[in-house]
Every structure is written in C-alpha cells, then in structure tokens.
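Have a look at model.txt; it's compact mmCIF, C-alpha atoms:
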```txt
# COMPACT_ATOMS: atom_id res chain seq x y z
CA MET F 21 -185.11 -2.31 102.75
CA SER F 22 -184.24 0.31 105.30
CA ASP F 23 -180.46 -0.33 104.91
CA ALA F 24 -180.39 0.11 101.12
CA ARG F 25 -179.56 3.42 99.53
CA GLU F 26 -180.94 4.63 96.22
CA ASP F 27 -177.87 3.46 94.28
CA GLY F 28 -178.16 -0.09 95.67
CA GLN F 29 -175.07 -0.06 97.89
CA VAL F 30 -175.72 -1.55 101.28
CA GLY F 31 -173.55 -0.73 104.26
CA MET F 32 -171.06 1.47 102.40
CA ASP F 33 -171.18 4.13 105.10
CA ILE F 34 -170.20 1.55 107.71
CA ARG F 35 -167.15 0.48 105.68
CA ASN F 36 -166.04 4.07 105.15
CA THR F 37 -166.44 4.81 108.83
CA ASN F 38 -164.42 1.73 109.78
CA THR F 39 -161.73 2.63 107.25
CA LYS F 40 -161.47 6.16 108.60
CA THR F 41 -161.32 4.84 112.16
CA HIS F 42 -158.60 2.35 111.27
CA LEU F 43 -156.57 4.99 109.42
CA LYS F 44 -156.87 7.35 112.38
CA THR F 45 -155.76 4.60 114.76
CA ALA F 46 -152.80 3.61 112.59
CA GLY F 47 -151.84 7.22 111.95
CA GLY F 48 -152.02 8.04 115.65
CA ALA F 49 -149.86 5.03 116.44
CA LEU F 50 -147.24 6.09 113.88
CA LEU F 51 -147.30 9.64 115.23
CA ASN F 52 -146.75 8.31 118.76
CA TRP F 53 -143.91 6.13 117.49
CA TRP F 54 -142.32 9.19 115.87
CA ARG F 55 -142.62 11.04 119.19
CA ALA F 56 -140.96 8.10 120.95
CA ALA F 57 -138.14 7.97 118.38
CA THR F 58 -137.58 11.72 118.69
CA LEU F 59 -137.51 11.59 122.49
CA ASP F 60 -135.15 8.61 122.30
CA GLY F 61 -132.84 10.57 120.01
CA LEU F 62 -132.93 13.55 122.37
CA ILE F 63 -132.00 11.40 125.36
CA VAL F 64 -129.18 9.70 123.43
CA GLY F 65 -127.91 13.10 122.25
CA VAL F 66 -127.75 14.33 125.84
CA LEU F 67 -125.88 11.16 126.86
CA TRP F 68 -123.41 11.71 124.02
CA LEU F 69 -122.94 15.36 125.05
CA ILE F 70 -122.26 14.52 128.71
CA GLY F 71 -119.88 11.69 127.86
CA LEU F 72 -117.98 13.51 125.13
CA GLU F 73 -117.59 16.63 127.27
CA LEU F 74 -116.25 14.53 130.16
CA ILE F 75 -113.75 12.86 127.80
CA ARG F 76 -112.96 16.30 126.27
CA VAL F 77 -113.51 15.33 122.66
CA PRO F 78 -113.10 18.20 120.16
CA PHE F 79 -116.43 19.52 118.79
CA ALA F 80 -118.36 17.51 121.39
CA PRO F 81 -121.66 19.46 121.01
CA PHE F 82 -121.63 18.90 117.24
CA TRP F 83 -120.99 15.16 117.62
CA ALA F 84 -123.71 14.93 120.29
CA ILE F 85 -126.29 16.64 118.07
CA LEU F 86 -125.29 14.39 115.18
CA GLY F 87 -125.55 11.32 117.44
CA GLY F 88 -129.05 12.33 118.56
CA ILE F 89 -130.23 12.91 115.00
CA LEU F 90 -128.71 9.66 113.73
CA GLN F 91 -130.42 7.75 116.56
CA ILE F 92 -133.57 7.86 114.42
CA VAL F 93 -131.87 5.34 112.08
CA PRO F 94 -132.17 1.99 113.87
CA THR F 95 -129.05 -0.13 114.35
CA PHE F 96 -126.77 1.79 111.98
CA GLY F 97 -127.34 5.34 113.25
CA GLY F 98 -125.30 4.84 116.40
CA MET F 99 -122.45 3.27 114.46
CA ILE F 100 -122.38 6.16 112.00
CA ALA F 101 -122.49 8.65 114.90
CA LEU F 102 -119.42 6.99 116.43
CA ILE F 103 -117.21 7.74 113.41
CA GLY F 104 -117.01 11.49 114.11
CA PRO F 105 -115.87 11.37 117.74
CA VAL F 106 -113.39 8.57 116.99
CA LEU F 107 -111.81 10.53 114.16
CA ALA F 108 -111.82 13.73 116.23
CA VAL F 109 -109.91 12.01 119.04
CA ALA F 110 -107.60 10.15 116.67
CA PHE F 111 -106.59 13.28 114.72
CA SER F 112 -106.36 15.61 117.73
CA GLY F 113 -103.19 13.93 118.96
CA HIS F 114 -104.65 12.42 122.12
CA ASP F 115 -103.54 9.04 123.36
CA GLU F 116 -105.25 5.72 122.77
CA TRP F 117 -106.74 5.83 126.27
CA ARG F 118 -109.12 8.62 125.25
CA LEU F 119 -110.00 6.70 122.09
CA GLY F 120 -110.85 3.69 124.25
CA LEU F 121 -113.03 5.92 126.44
CA VAL F 122 -114.98 7.08 123.36
CA LEU F 123 -115.53 3.47 122.31
CA GLY F 124 -116.57 2.55 125.86
CA LEU F 125 -119.00 5.49 125.91
CA TYR F 126 -120.51 4.22 122.66
CA GLY F 127 -120.92 0.74 124.18
CA LEU F 128 -122.56 2.17 127.30
CA ILE F 129 -124.98 4.31 125.28
CA VAL F 130 -125.91 1.40 123.00
CA ILE F 131 -126.60 -0.89 125.97
CA LEU F 132 -128.62 1.74 127.84
CA GLU F 133 -130.60 2.69 124.74
CA GLY F 134 -131.31 -0.85 123.62
CA LEU F 135 -132.20 -2.36 126.97
CA VAL F 136 -133.65 0.52 128.98
CA ILE F 137 -134.27 3.83 127.22
CA GLY F 138 -135.73 2.60 123.91
CA PRO F 139 -138.22 0.08 125.33
CA TYR F 140 -139.22 2.43 128.17
CA VAL F 141 -139.85 5.43 125.90
CA LEU F 142 -141.72 3.29 123.36
CA HIS F 143 -143.87 1.85 126.14
CA ARG F 144 -144.65 5.28 127.62
CA THR F 145 -145.59 6.98 124.32
CA THR F 146 -147.33 4.04 122.62
CA LYS F 147 -149.24 1.03 123.92
CA VAL F 148 -146.35 -1.36 123.20
CA PRO F 149 -145.42 -3.45 126.25
CA TRP F 150 -141.80 -3.39 127.37
CA TRP F 151 -141.18 -7.03 126.46
CA ALA F 152 -142.51 -6.51 122.92
CA ALA F 153 -140.41 -3.37 122.43
CA PHE F 154 -137.35 -5.34 123.55
CA LEU F 155 -137.99 -8.64 121.71
CA GLY F 156 -139.77 -7.32 118.59
CA PRO F 157 -136.68 -6.05 116.75
CA ILE F 158 -134.77 -9.21 117.66
CA VAL F 159 -137.47 -11.57 116.37
CA LEU F 160 -138.22 -9.55 113.23
CA GLY F 161 -134.49 -9.15 112.66
CA ILE F 162 -134.20 -12.93 112.54
CA ILE F 163 -137.27 -13.37 110.31
CA ILE F 164 -136.49 -10.48 107.92
CA PRO F 165 -132.78 -9.81 108.51
CA PHE F 166 -132.35 -6.16 107.49
CA TRP F 167 -135.88 -4.80 107.20
CA GLY F 168 -137.18 -6.51 110.33
CA VAL F 169 -135.02 -4.39 112.62
CA LEU F 170 -136.00 -1.20 110.81
CA LEU F 171 -139.74 -1.93 110.68
CA ALA F 172 -140.24 -3.51 114.10
CA PRO F 173 -140.83 -0.40 116.28
CA PRO F 174 -143.42 1.36 114.05
CA LEU F 175 -145.06 -1.96 113.20
CA LEU F 176 -145.37 -2.86 116.89
CA ALA F 177 -146.86 0.58 117.61
CA VAL F 178 -149.56 0.02 114.97
CA ILE F 179 -150.28 -3.58 116.05
CA PHE F 180 -150.66 -2.71 119.72
CA ALA F 181 -152.78 0.36 118.91
CA PHE F 182 -155.45 -1.97 117.52
CA ARG F 183 -155.56 -4.15 120.62
CA LYS F 184 -158.66 -3.69 122.69
CA ALA F 185 -158.20 -2.11 126.07
CA PRO F 186 -158.84 -4.44 128.99
CA PRO F 187 -162.31 -4.05 130.50
CA PRO F 188 -162.47 -1.84 133.56
CA PRO F 189 -162.67 -3.62 136.90
CA PRO F 190 -166.20 -4.12 138.21
CA ALA F 191 -167.46 -1.43 140.53
CA LEU F 192 -167.59 -2.33 144.19
CA PRO F 193 -171.05 -2.18 145.76
CA ARG F 194 -171.54 0.71 148.13
CA GLY F 195 -172.60 -0.24 151.51
```
Can you present the structure in this file as structure tokens?
Amino acid sequence: MSDAREDGQVGMDIRNTNTKTHLKTAGGALLNWWRAATLDGLIVGVLWLIGLELIRVPFAPFWAILGGILQIVPTFGGMIALIGPVLAVAFSGHDEWRLGLVLGLYGLIVILEGLVIGPYVLHRTTKVPWWAAFLGPIVLGIIIPFWGVLLAPPLLAVIFAFRKAPPPPPALPRG
C-alpha cells in the first residue's frame, strides 16, 4: 500500500494536480482570448478613427474610442457604435452623401473584422485555427441563437487550449 495515505484516500494528490493544471490551462486560454478581444477592439477603433476623420464626422475621436470599446460586445457592439456617428452626421446639417459614407464605413469595418481581423487575431493570440474562429460563431449561433455567438470565441479558445500539440518531426540522422 505505497499509494495509500494515512486517511485512506488514494490518488487525491493526482486529482488535485490535474485540476490545478486544467484550471491553469483554461484560465490561460481565457486570458489569451481577452488579449485577442482587446487587440481586436484597438484595431477596430483605429479603423473607425481613420474613416471618421476622412469623412469629417463631428467628434470623430470620441466615436472611434467608443467603437473600439464596444467591439468587445460581439455582434451588437458594432451596431451600437454606429448610432453615434450617424446621429452626429444627421444633426450636423451635412448631406445624405456623408451619412451614406458613414454607413459604408460601418459595412467595411464589419466585413474586415468578421472575415479577416477577428479570426487572424484570435489565431495569433490563442491556438484557435482560422477556420474555427470564422465558423465557430456561425455554427454556435445556429445551435444556440443568441448565446452561441457570444460564447463561441472564449469557448473555442478553451477547447483548443486543451488539444495536444502535434509531435515534433523526427530528427534527421547526421551523416
């Protein structure tokens, strides 16, 4: 009985070690996802700033900062961020052309973020492959309509953190 402790519990240290390891892995994955979401918001905020300054929207830096912060909220953050610049252009007395440019800028940012920036940043900061970062929110959004889109990126980061790394290639013989 070399494995048994005095209180009769066998293998408890192994379970605690595994639990701590799993919690560290999951916590690290969530931290990396948060870094990816923050970097994504920063990039989107810069895109908003460049576009809104080119269109000459009033209070463009404020709307760009707000757009970057709201990027953390999946799906709805970009839509909420659009309200400010649209109202600023509408109430500033500019023509409808500038309003159309703001809406076009929003469409461009959403397409770039959803198809390129978001999956790329998530892939670079976590172990989530590009295809999973792209398709995960779509599939989970169909399975769990509202919550699937919100939970997909951090859930994918945790799932792919637990995947085993591929074995290293065999060493070539020296000769």
Near-segment 42-50 of chain F list (12 Å; all atoms listed in the file; drop same-chain fewer than 3 positions) as a PyMOL selection string: chain F and resi 35-39+53-57+142-143+145-148+171-184
Go ahead and save the residues from that selection, with C-alpha atoms, as a PDB file, in the coordinates of the input.
```
ATOM      1  CA  ARG F  35    -167.150   0.480 105.680  1.00  0.00           C
ATOM      2  CA  ASN F  36    -166.040   4.070 105.150  1.00  0.00           C
ATOM      3  CA  THR F  37    -166.440   4.810 108.830  1.00  0.00           C
ATOM      4  CA  ASN F  38    -164.420   1.730 109.780  1.00  0.00           C
ATOM      5  CA  THR F  39    -161.730   2.630 107.250  1.00  0.00           C
ATOM      6  CA  TRP F  53    -143.910   6.130 117.490  1.00  0.00           C
ATOM      7  CA  TRP F  54    -142.320   9.190 115.870  1.00  0.00           C
ATOM      8  CA  ARG F  55    -142.620  11.040 119.190  1.00  0.00           C
ATOM      9  CA  ALA F  56    -140.960   8.100 120.950  1.00  0.00           C
ATOM     10  CA  ALA F  57    -138.140   7.970 118.380  1.00  0.00           C
ATOM     11  CA  LEU F 142    -141.720   3.290 123.360  1.00  0.00           C
ATOM     12  CA  HIS F 143    -143.870   1.850 126.140  1.00  0.00           C
ATOM     13  CA  THR F 145    -145.590   6.980 124.320  1.00  0.00           C
ATOM     14  CA  THR F 146    -147.330   4.040 122.620  1.00  0.00           C
ATOM     15  CA  LYS F 147    -149.240   1.030 123.920  1.00  0.00           C
ATOM     16  CA  VAL F 148    -146.350  -1.360 123.200  1.00  0.00           C
ATOM     17  CA  LEU F 171    -139.740  -1.930 110.680  1.00  0.00           C
ATOM     18  CA  ALA F 172    -140.240  -3.510 114.100  1.00  0.00           C
ATOM     19  CA  PRO F 173    -140.830  -0.400 116.280  1.00  0.00           C
ATOM     20  CA  PRO F 174    -143.420   1.360 114.050  1.00  0.00           C
ATOM     21  CA  LEU F 175    -145.060  -1.960 113.200  1.00  0.00           C
ATOM     22  CA  LEU F 176    -145.370  -2.860 116.890  1.00  0.00           C
ATOM     23  CA  ALA F 177    -146.860   0.580 117.610  1.00  0.00           C
ATOM     24  CA  VAL F 178    -149.560   0.020 114.970  1.00  0.00           C
ATOM     25  CA  ILE F 179    -150.280  -3.580 116.050  1.00  0.00           C
ATOM     26  CA  PHE F 180    -150.660  -2.710 119.720  1.00  0.00           C
ATOM     27  CA  ALA F 181    -152.780   0.360 118.910  1.00  0.00           C
ATOM     28  CA  PHE F 182    -155.450  -1.970 117.520  1.00  0.00           C
ATOM     29  CA  ARG F 183    -155.560  -4.150 120.620  1.00  0.00           C
ATOM     30  CA  LYS F 184    -158.660  -3.690 122.690  1.00  0.00           C
TER      31      LYS F 184
END
```
Kindly indicate which residue among F:Val141, F:Gly87, F:Leu160, F:Val77 lies nearest to Asp115 of chain F, using all atoms listed in the file for the distances. F:Val77
Neighbours of point (-116.0, 11.2, 124.5) within 10 Å, using all atoms listed in the file, written as a ChimeraX atom specification: /F:68-78,80,83-84,102,105-106,108-109,118-126
Mind giving me the straight-line distance from atom CA of Val130 of chain F to atom CA of Gly97 of chain F in Å, one decimal? 10.6 Å
Long-range neighbours of Val136 of chain F as a list in words, 12 Å cut-off, all atoms listed in the file, 5 positions minimum in chain: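 Returned residues: Asp60, Ile63, Val64, Leu128, Ile129, Val130, Ile131, Val141, Leu142, His143, Trp150, Trp151, Ala153 and Phe154 of chain F.
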What is the distance, in Å and to one decimal place, between atom CA of Pro189 of chain F and atom CA of Arg144 of chain F?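 Taking atom CA of Pro189 of chain F and atom CA of Arg144 of chain F, their separation equals 22.1 Å.
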Pick from F:Gly138, F:Gly104, F:Gly127, F:Gly113 nearest to Gln91 of chain F, counting only C-alpha atoms: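 With only C-alpha atoms as the atom set, the closest residue is F:Gly138.
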Please measure the separation of atom CA of Phe111 of chain F and atom CA of Leu86 of chain F, giving the value in Å to one decimal.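 If I compute the distance from atom CA of Phe111 of chain F to atom CA of Leu86 of chain F, I get 18.7 Å.
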